[in-house]
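S.K.: Below is the structure I would like to discuss, written out as structure tokens.
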Amino acid sequence: MKNLLNAISHLRSSRAKSRDAKAGADVSRLRSTRTGLGGALVAALALAVPAAGQDIAITNAKLVIGDGSAPIDGGTVVVRGGKVVAAGAGVAVPAGIERVDAGGRWVTPGIVAAFSRVGLVEVDAVGGTNDRNAPRTRFSAGLDIAPALNPMGSPVAVNRAAGVTRAIVAPGGSSNLFAGQGAVVDLADDMDMVTKPRALQFVAFGEDGSAKAGGSRAATFLLFREQLLAARSYARNPASLAEWGNDAMIQRADADALVQVINGVTPLFVRVDRAADIINVLKLRQEFPALKLVLVGVTEGWMVARELAAAKVPVLVSPLTDLPSSFEQLGATQSNAGRLKAAGVDVSVGVFDDDDAHKMGYATQYAGNLVGLTRVPGASGMTWDQAFASISSAPARAVGMEGSIGSLRPGRVGDVVVWDNDPLELGSRPTAIWIDGKAQSLTTRQDRLRDRYATPSEGALPKAYDR
Amino acid sequence: MIRGVKGSLLAAVSLALVGCAATGKETASASDKPATAEKPVKFNKDPYPSTYRPYGGRPTAVRGVTIFDGEGGRIDNGVVLFAGGKVEAVGGADTAIPTGYDVIDGTGKFVTPGVIDIHSHLGDYPSPSVDAHSDGNEATSPTTPEVWSEHSVWPQDPGFSRALANGGVTSLQILPGSANLMGGRSITLKNVPSRTVQGMKFPGAPYGLKMACGENPKRVYGGKGRMPSTRMGNFAVNRATWQKAAAYKKKMDDGKAVDRDLAMETLAGVLSGEILLHNHCYRADEMALVIDMSKEFGYKVSTFHHAVESYKIADILAKEGICSAMWADWWGFKMEAYDSVNENIPMVYKAGACTIVHSDDANQIQRLNQEAAKARAAGRRMGIDVSDEVAWTWLSLNPAKALGIGDRTGSLKPGKMADVVLWNGNPFSAYTRPEKVWIDGALMFDANDPKRRPVSDFELGQPGEGDVK
């Protein structure tokens, strides 16, 4: 998040990831271009994707359940009706079911992107394709990203081809303190992307929160409290909101959403980094005891690991953050995730403070780096099994969906990936993916470009005729 | 074997020679009154000279290691010897180790030349990235060739130490940003801590000029209601400026005194070949136009940076002898990065064009080896088989040559700078980190010794001081 902001103000990398840059976007022309391409893709997919929802058994796998247990050689996973019914060694394959021999390769649950904007953005700097932020809306907590998601966007296919099958998607920000309600989504090549709408509420404390709340952390905490109290009054007496008129702290839709936060129905994802801010956010539960907190970022979490563990609050970290990018990240270290894990905190690994819409596939690389850290003197990392769980079952648990996604335990969705190599190792790629038991296309727009230019020089006709 | 290297070799070598020849000398310009035979006007070309000195080290032998020599060669169970700041020998297990050398058993480990990042903004966009530190774009005019990035570098940026300890980076080029068509001079640094930027400057490295194509300049200045606001505006401003520079240079060459013009001096240096041109450019069609512009005015593009669409014109880039400095897989953040493919790097390599992996980022500079590994794997999946040792040329010798320092560093050849990394495993694995990093033979990082971990002034007395990071 911070790095994105910096990149915008600096053009440092010319990555000009201007989320709000609308200038020059000729959206209508872009769309007409993509329609033509989309037609080709749909045709390709129709050929590639077998009938939906087949029952399958994947056998002879180096099987990773995703719950932190060790890989099982010669494992089998059975999916029926879109759900895992059995996974492990010595699992019987039901008669008549389609069998896929993994040939000893790694088979895992799909990666769960712990904190992302996949589906909300096509091109960051093309405003019409970027639904991350809503800086000029009257609404805040009531915003619901579900109708903004575009399952046909190329980032969905690119992230899927990297092994990501589910994602926790949070809005970026509104004009007010609360950003709005995120969703849990799947990355299948169909039109229905939402697994669970309104699965979380997002709010930033620290420097980002101060900027929204009026300039200081004091303003952030007071605004947070007043908005929740207003929502609680509204819940007890819906007429109260009308009585406040223009003095109302929040809109009706925002109050509806915040009531669910106060009641602990909707988890509250809180971006917070500075150690002291983390402690103060944990204290919010003194006044609002039902808050289901999930902390995001938590760069200085290792400094208050004991408190986090005692609070039993899950955390989502971007694990390779090791620079003091701001004064609230002075203690940044790649050992943060490992130290938190060792202290007993439930740690999920995400790809944010980076490109949070296009590069969810970095999750495996980041998790692999955590394994690498165990070999560095004085550093803390994770075992392979822990690291994989941090990008599958841990984020599922953080968002309260450990019973339905994120592992290959019976009853979970049939999101299964076969890899060409160790999935946490660099350059490993899926060779087959099922989502809800449906085989998925692994072909992306990028692959089509690659194939067109495999020989860059033009032949008898221009490249535009090579398809 | 090294097809990817060949294309750029001649160009880079000739540039390097020009760079060497020019460094540290003064440019002479005759008076505008030749009849009086006054002594020519002299401008000091090196007014902020390098004060870098190697920090000294013990004669060292690393044995039992797998060596990627940076030129595409590999030795298993090899021996690397360095002393006096220079590589002395690289060979097999039978290489004799002279007495008096510190011997490190590297069994199961790997040795490579240090990583060289051709595209960094460390120091001019340092951490913490507060407004007071935002010193990378002089975004007040679309052409600012008169600014020098070294005058913005904050040597206390903690990012330098991360690049050293986690990334094995031993040299790096600090470029101005890309808000401007002509952003200013770049500087090449040795990645050593120093009180001053002069103490980091790579001795004798030629200067570079940063230029930028495409979206950024036209957005920044178009947004201010100024030219350029279009790509054709970008070219018009560039051409007018090059025309002026050519006239300035002609006056200099003709011995007619000219008032010193810092902007024109830099551009004249590019036209004469002593300053290397580094051109931020994403789109293939735009790179092709830039190549024509370079011929129109008689300069040479050393490297296209970012070069997201180099795969579309890799044949042209090979023919022209221009390097591409690329990411493995960044895409989608703006329109000109929309056509990225994961195979860009290996496709450029396959075409025989000079291939470089770059970071442009304080985080990715810490794992350029991992970016190369991803690119190599993507290439293999499309049938482009690149060995580990050849892929390492993307990280060391190719960027060194493109920076005009390839004759001094970038590979483990006797007589070259002992810029050496000992990795605790194969550096193309996610599970591997640097164990020791030497710069000019001096041990600047040792994972086993907390005292060999630099702590910048900014980090001293702060949370996490001296932590593993």
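Just so we're on the same page: first chain in the structure tokens is A, next is B, and so on; residues restart at 1 for each chain, and ligands are numbered from 1 in the order they show up.
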May I have the residues within 6 Å of Val121 (chain A) as a PyMOL selection string, using only C-alpha atoms and disregarding those fewer than 3 positions away in the same chain?

M.R.: chain A and resi 129-131

S.K.: Show me which bits of chain B are within 6 Å of chain A, counting only C-alpha atoms, as a ChimeraX atom specification.

M.R.: /B:127-129,177-178,312-313,332-334,341,360,374,377,430-432,463-464,468-469

S.K.: Using the chain letters and numbers from this document, which residues of region 72-305 of chain A does DSSP assign to alpha helix (DSSP H), as a PyMOL selection string?

M.R.: chain A and resi 154-161+206-213+217-236+239-244+252-262+275-282+284-287+305

S.K.: Can you tell me, as a PyMOL selection string, what residues are no more than 7 Å from Gly70 (chain B) when counting only C-alpha atoms, ignoring any on the same chain fewer than 2 positions away?

M.R.: chain B and resi 68+72-73+112-113+389+392-393+396-397+410-412

S.K.: Which is closer to Trp327 (chain B) than all the others in B:Gly159, B:Ile118, B:Ala402, B:Val147, using only C-alpha atoms?

M.R.: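 Of B:Gly159, B:Ile118, B:Ala402, B:Val147, the one nearest Trp327 (chain B) is B:Ile118, counting only C-alpha atoms.
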
S.K.: DSSP on the backbone, then: every residue of region 36-148 of chain B marked strand (DSSP E), written as a ChimeraX atom specification.

M.R.: /B:41-44,60-68,74-83,86-91,102-105,110-113,115-120

S.K.: Compare B:Val79, B:Ala96, B:Ala391, B:Leu368 by their minimum atom-to-atom distance to Thr66 (chain B), counting only C-alpha atoms, and give me the closest one.

M.R.: B:Val79

S.K.: Using only C-alpha atoms, which protein or nucleic acid residues come within 8 Å of Ala246 (chain B)? Drop anything in the same chain fewer than 2 positions from it, and give the result as a PyMOL selection string.

M.R.: chain B and resi 242-244+248-250+268+271+297

S.K.: Keeping only N, CA, C and O atoms, write those residues as a compact mmCIF listing (two decimals), in the first residue's frame.

M.R.:
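Produced file result_17.txt, reproduced below:
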```txt
# COMPACT_ATOMS: atom_id res chain seq x y z
N TRP B 242 18.15 17.50 -28.91
CA TRP B 242 19.34 16.87 -29.52
C TRP B 242 19.94 17.79 -30.58
O TRP B 242 21.17 17.87 -30.74
N GLN B 243 19.08 18.47 -31.31
CA GLN B 243 19.57 19.39 -32.34
C GLN B 243 20.45 20.47 -31.72
O GLN B 243 21.53 20.79 -32.20
N LYS B 244 19.96 20.98 -30.60
CA LYS B 244 20.70 22.01 -29.89
C LYS B 244 22.03 21.46 -29.38
O LYS B 244 23.09 22.11 -29.45
N TYR B 248 25.90 22.56 -30.16
CA TYR B 248 26.82 22.87 -29.06
C TYR B 248 28.11 22.07 -29.23
O TYR B 248 29.22 22.58 -29.13
N LYS B 249 27.91 20.79 -29.53
CA LYS B 249 29.08 19.92 -29.67
C LYS B 249 29.95 20.37 -30.84
O LYS B 249 31.18 20.35 -30.78
N LYS B 250 29.29 20.79 -31.93
CA LYS B 250 30.06 21.22 -33.09
C LYS B 250 30.93 22.43 -32.75
O LYS B 250 32.09 22.50 -33.13
N ALA B 268 26.28 16.48 -25.12
CA ALA B 268 27.44 16.38 -26.00
C ALA B 268 28.27 15.15 -25.64
O ALA B 268 28.83 14.48 -26.52
N LEU B 271 26.66 12.29 -27.28
CA LEU B 271 26.91 12.29 -28.72
C LEU B 271 28.34 11.84 -29.04
O LEU B 271 28.59 11.21 -30.06
N PHE B 297 20.65 11.57 -34.79
CA PHE B 297 21.55 12.53 -34.14
C PHE B 297 22.92 11.94 -33.83
O PHE B 297 23.79 12.63 -33.31
```

S.K.: Which neighbours of region 225-237 of chain B fall inside 9 Å, counting only C-alpha atoms, when residues of the same chain fewer than 6 positions from it are skipped, and could you give them as number ranges by chain?

M.R.: B: 142-143, 181, 213-215, 217-219, 286, 289-290, 293

S.K.: For N, CA and C atoms, I'd like the residues from the last selection saved as a PDB file, in the first residue's frame.

M.R.:
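File written: part_14.pdb
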```
ATOM      1  N   PRO B 142      10.763  19.138 -18.765  1.00  0.00           N
ATOM      2  CA  PRO B 142      10.825  17.811 -19.380  1.00  0.00           C
ATOM      3  C   PRO B 142      12.236  17.369 -19.751  1.00  0.00           C
ATOM      4  N   THR B 143      13.161  18.308 -19.866  1.00  0.00           N
ATOM      5  CA  THR B 143      14.546  17.909 -20.133  1.00  0.00           C
ATOM      6  C   THR B 143      15.463  18.551 -19.097  1.00  0.00           C
ATOM      7  N   LEU B 181      11.799  13.490 -19.974  1.00  0.00           N
ATOM      8  CA  LEU B 181      12.346  12.853 -21.176  1.00  0.00           C
ATOM      9  C   LEU B 181      13.834  12.623 -21.012  1.00  0.00           C
ATOM     10  N   CYS B 213      10.877   7.181 -22.316  1.00  0.00           N
ATOM     11  CA  CYS B 213       9.837   7.186 -23.351  1.00  0.00           C
ATOM     12  C   CYS B 213       8.459   7.244 -22.699  1.00  0.00           C
ATOM     13  N   GLY B 214       7.480   7.451 -23.522  1.00  0.00           N
ATOM     14  CA  GLY B 214       6.137   6.989 -23.219  1.00  0.00           C
ATOM     15  C   GLY B 214       5.314   7.757 -22.226  1.00  0.00           C
ATOM     16  N   GLU B 215       4.614   7.008 -21.404  1.00  0.00           N
ATOM     17  CA  GLU B 215       3.518   7.555 -20.615  1.00  0.00           C
ATOM     18  C   GLU B 215       3.956   8.596 -19.577  1.00  0.00           C
ATOM     19  N   PRO B 217       6.561  10.941 -19.046  1.00  0.00           N
ATOM     20  CA  PRO B 217       6.788  12.366 -19.348  1.00  0.00           C
ATOM     21  C   PRO B 217       5.527  13.056 -19.875  1.00  0.00           C
ATOM     22  N   LYS B 218       4.799  12.378 -20.744  1.00  0.00           N
ATOM     23  CA  LYS B 218       3.638  13.082 -21.330  1.00  0.00           C
ATOM     24  C   LYS B 218       2.549  13.270 -20.279  1.00  0.00           C
ATOM     25  N   ARG B 219       2.478  12.365 -19.322  1.00  0.00           N
ATOM     26  CA  ARG B 219       1.473  12.553 -18.276  1.00  0.00           C
ATOM     27  C   ARG B 219       1.876  13.680 -17.330  1.00  0.00           C
ATOM     28  N   GLU B 286       7.888   1.987 -29.751  1.00  0.00           N
ATOM     29  CA  GLU B 286       8.589   3.192 -29.304  1.00  0.00           C
ATOM     30  C   GLU B 286      10.098   2.992 -29.294  1.00  0.00           C
ATOM     31  N   LEU B 289      11.395   3.522 -32.688  1.00  0.00           N
ATOM     32  CA  LEU B 289      11.496   4.945 -33.033  1.00  0.00           C
ATOM     33  C   LEU B 289      12.710   5.593 -32.365  1.00  0.00           C
ATOM     34  N   VAL B 290      12.963   5.195 -31.124  1.00  0.00           N
ATOM     35  CA  VAL B 290      14.126   5.748 -30.420  1.00  0.00           C
ATOM     36  C   VAL B 290      15.416   5.359 -31.145  1.00  0.00           C
ATOM     37  N   MET B 293      15.828   7.681 -33.857  1.00  0.00           N
ATOM     38  CA  MET B 293      16.214   9.009 -33.358  1.00  0.00           C
ATOM     39  C   MET B 293      17.705   9.016 -33.006  1.00  0.00           C
TER      40      MET B 293
END
```

S.K.: Using only C-alpha atoms, which of the listed residues (A:Lys62, A:Arg306, A:Arg80, A:Arg412) sits closest to Gly437 (chain A)?

M.R.: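 Nearest candidate to Gly437 (chain A) out of A:Lys62, A:Arg306, A:Arg80, A:Arg412: A:Arg80.
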
S.K.: For Gly56 (chain B), which residue among B:Gly441, B:Gly106, B:Pro454, B:Pro98 is the nearest when counting only C-alpha atoms?

M.R.: B:Gly441

S.K.: Could you please determine the separation between CA of Gly90 (chain A) and CA of Gly66 (chain A) in Å, to one decimal place?

M.R.: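 Computed distance, CA of Gly90 (chain A) to CA of Gly66 (chain A), equals 18.1 Å.
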
S.K.: Of the candidates B:Arg162, B:Arg367, B:Arg74, B:Lys190, which one gets nearest to Pro54 (chain B) if we count only C-alpha atoms?

M.R.: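 Smallest distance to Pro54 (chain B) is found for B:Lys190.
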